[in-house]
Amino acid sequence: MPHTNFERRHCRPAGRADPLGHWCYLRVVDRSADIPADAVRYIERTRALYATQVPYRWVENDPEKDPPPWVPIRRPLVQSRIALIASGGIYRFDQEPFHFQNDTSHREIPIDTDPSELRISHFGYDSRDAREDPGCVLPLRALRQLAAAGVIGAVIDPALTFMGGIYSARRARDELAPRLRDIVLRQQADLAYLVPA
Amino acid sequence: MIEAAGVPTLAMTSAWDITTAVRPPRSAFVHYPLGHQTGRPGDLDGQIAIVRAALEAAWRMERAGEIVRLPFRWGGDEGWEERAYAPGHTPTGTDGKPVRVAR
């Protein structure tokens with residue numbers, strides 16, 4: 001069972017109104033028993049990296065109070081329509097780039113777009129390999145080949161992309177997510193395949 | 001939100017701790033560096049294998065909140081786990097320079 005601790009962290013002075021800095025209290029849920037030993041602990045590392053800033057409030061869902069929703073998959077894989085949604089900030093050369101701060105827009109990428117026509121604007125990950133081959137974070141060709149080989153029914157056209165480095169979880173939830181949800185519903189997807197970067 | 005609207009979802013991840021906190025309905029974990037969620041650059045066969053393994057795992061999952069680890073090893077660059085988001089290794093911005101954290 002996850003165990004809840006509280007951590008006290010001092011944040012450095014933030015201006016004239018906050019000359020001595022201030023204390024923040026973090027509710028930390030210790031789920032270390034769940035995590036494979038070799039998995040990188042990104043929450044710890046980003047907290048350490050940004051230790052002098054106000055700690056970021058990660059979304060934490062209590063599995064007992066707020067369990068994940070669940071819809072059984074109704075169609076066999078070989079007949080399935082797969083919607084691809086990727087958050088790595090990928091866009092086509094003829095589209096507007098993503099802004100680095102709280103950009104809740106999305107792009108529609110035709111699934112036959114050549115990788116050379118794709119660009120990336122995202123501050124939160126090392127995108128050098130993804131720029132060289134966008135298939136690392138937007139697997140269009142892989143899905144097209146799986147459809148051609150009959151492993152899946154179809155990959156839905158277009159794919160949807162956004163820039164996942166949205167600091168405000170509330171804005172992502174209220175502005176971006178409903179829009180993507182409505183598109184996926186119209187596309188009659190059997191599964192929405194979410195790929196972060 | 002998509003699952004709540006009636007469409008099954010599968011989330012990929014390379015950050016198990018973040019995924020555990022969020023608990024999507026279905027998750028498939030690949031132990032690769034960030035920015036390589038669906039494979040290595042230029043390795044289309046590997047990308048096909050990862051995507052296929054993820055989708056097949058989704059069809060086998062039966063409990064909400066499950067995270068399945070896919071059997072792929074990064075190989076090669078042995079120090080990547082230590083360097084990931086470690087001091088001095090912040091991700092690059094779009095101009096290739098480290099990003100100053102906004103207040």
# chains A, B, ... in the order shown; residues from 1 in each chain; ligands from 1
>>> residues_around(residues="Asp157 (chain A)", least_positions_apart="4", cutoff="9 Å", atoms="only C-alpha atoms", output="list in words")
Ala83, Leu84, Glu108, Ile109, Pro110, Ile111, Asp112 and Gln187 of chain A
>>> select_by_dssp(residues="region 14-99 of chain B", states="helix (DSSP H, G or I)", output="JSON, numbers by chain")
{"B": [16, 17, 18, 19, 20, 21, 22, 44, 45, 46, 47, 48, 49, 50, 51, 52, 53, 54, 55, 56, 57, 58, 59, 60, 80, 81, 82, 83]}
>>> write_last_selection(atoms="C-alpha atoms", output="short mmCIF file (atom, residue, chain, number, x, y, z; two decimals), in the first residue's frame")
data_model
loop_
_atom_site.label_atom_id
_atom_site.label_comp_id
_atom_site.auth_asym_id
_atom_site.auth_seq_id
_atom_site.Cartn_x
_atom_site.Cartn_y
_atom_site.Cartn_z
CA TRP B 16 7.10 4.48 -14.25
CA ASP B 17 6.95 6.70 -11.15
CA ILE B 18 4.93 9.40 -12.88
CA THR B 19 2.62 6.83 -14.44
CA THR B 20 2.06 5.19 -11.05
CA ALA B 21 0.98 8.56 -9.65
CA VAL B 22 -1.40 9.29 -12.50
CA LEU B 44 11.61 1.15 -38.05
CA ASP B 45 11.56 -2.57 -37.25
CA GLY B 46 12.14 -1.76 -33.59
CA GLN B 47 9.38 0.86 -33.65
CA ILE B 48 6.98 -1.61 -35.22
CA ALA B 49 7.92 -4.18 -32.57
CA ILE B 50 7.33 -1.76 -29.69
CA VAL B 51 4.00 -0.50 -31.01
CA ARG B 52 2.82 -4.01 -31.74
CA ALA B 53 3.86 -5.28 -28.29
CA ALA B 54 2.09 -2.35 -26.63
CA LEU B 55 -1.17 -2.87 -28.53
CA GLU B 56 -1.13 -6.62 -27.94
CA ALA B 57 -0.56 -6.00 -24.24
CA ALA B 58 -3.51 -3.61 -24.15
CA TRP B 59 -5.77 -6.32 -25.51
CA ARG B 60 -4.61 -8.65 -22.72
CA TRP B 80 21.77 7.00 -19.70
CA GLU B 81 19.87 6.15 -16.55
CA GLU B 82 22.25 8.12 -14.33
CA ARG B 83 22.20 11.12 -16.65
#
>>> residues_around(residues="Ser80 (chain A)", least_positions_apart="5", cutoff="8 Å", atoms="only C-alpha atoms", output="ChimeraX atom specification")
/A:75,152-154,189-191
>>> closest_residue(among="B:Met1, B:Tyr32, B:Pro8, B:His89", to="Gly76 (chain B)", atoms="only C-alpha atoms")
B:Tyr32
>>> closest_residue(among="A:Val59, A:Leu160, A:Ile166, A:Ala149", to="chain B", atoms="only C-alpha atoms")
A:Val59
>>> select_by_dssp(residues="region 31-195 of chain A", states="strand (DSSP E or B)", output="ChimeraX atom specification")
/A:81-86,88,90-92,106-109,118-120,154-155,159-163,191-195
>>> residues_around(residues="Asp129 (chain A)", least_positions_apart="4", cutoff="9 Å", atoms="only C-alpha atoms", output="PDB file with C-alpha atoms, in the first residue's frame")
ATOM      1  CA  ASP A 133      13.459  10.337 -36.822  1.00  0.00           C
ATOM      2  CA  PRO A 134      10.047  11.484 -35.588  1.00  0.00           C
ATOM      3  CA  CYS A 136      10.624   7.741 -32.022  1.00  0.00           C
TER       4      CYS A 136
ATOM      5  CA  GLY B  35      12.292  11.134 -26.206  1.00  0.00           C
ATOM      6  CA  HIS B  36      12.418   7.559 -27.483  1.00  0.00           C
ATOM      7  CA  ARG B  40      15.367   4.309 -31.671  1.00  0.00           C
ATOM      8  CA  PRO B  41      15.926   6.717 -34.559  1.00  0.00           C
TER       9      PRO B  41
END
>>> closest_residue(among="A:Tyr56, A:Trp70, A:Tyr91, A:Tyr167", to="Thr104 (chain A)", atoms="only C-alpha atoms")
A:Tyr167
>>> residues_around(residues="Glu3 (chain B)", least_positions_apart="3", cutoff="8 Å", atoms="only C-alpha atoms", output="list of chain:residue names")
A:Pro69, A:Trp70, A:Val71, B:Gly6, B:Val7, B:Pro8, B:Thr9, B:Pro25
>>> write_last_selection(atoms="C-alpha atoms", output="mmCIF file, in the first residue's frame")
data_model
loop_
_atom_site.group_PDB
_atom_site.id
_atom_site.type_symbol
_atom_site.label_atom_id
_atom_site.label_comp_id
_atom_site.auth_asym_id
_atom_site.auth_seq_id
_atom_site.Cartn_x
_atom_site.Cartn_y
_atom_site.Cartn_z
ATOM 1 C CA PRO A 69 -12.093 4.750 -15.515
ATOM 2 C CA TRP A 70 -12.301 1.539 -17.518
ATOM 3 C CA VAL A 71 -13.991 0.573 -20.763
ATOM 4 C CA GLY B 6 -16.323 5.449 -23.644
ATOM 5 C CA VAL B 7 -13.164 4.964 -25.712
ATOM 6 C CA PRO B 8 -10.573 2.504 -24.371
ATOM 7 C CA THR B 9 -7.094 3.988 -24.029
ATOM 8 C CA PRO B 25 -6.543 2.893 -17.316
#
>>> closest_residue(among="A:Pro97, A:Gly15, A:Pro55, A:Gly124", to="chain B", atoms="only C-alpha atoms")
A:Gly124
>>> closest_residue(among="B:Thr13, B:Ala5, B:Pro33, B:Arg23", to="Gly79 (chain B)", atoms="only C-alpha atoms")
B:Pro33
>>> closest_residue(among="A:Gly164, A:Pro158, A:Pro67, A:Gly150", to="chain B", atoms="only C-alpha atoms")
A:Pro67
>>> residues_around(residues="His31 (chain B)", least_positions_apart="3", cutoff="10 Å", atoms="only C-alpha atoms", output="ChimeraX atom specification")
/A:36,38-40 /B:13-16,34,36-37,69-74,81
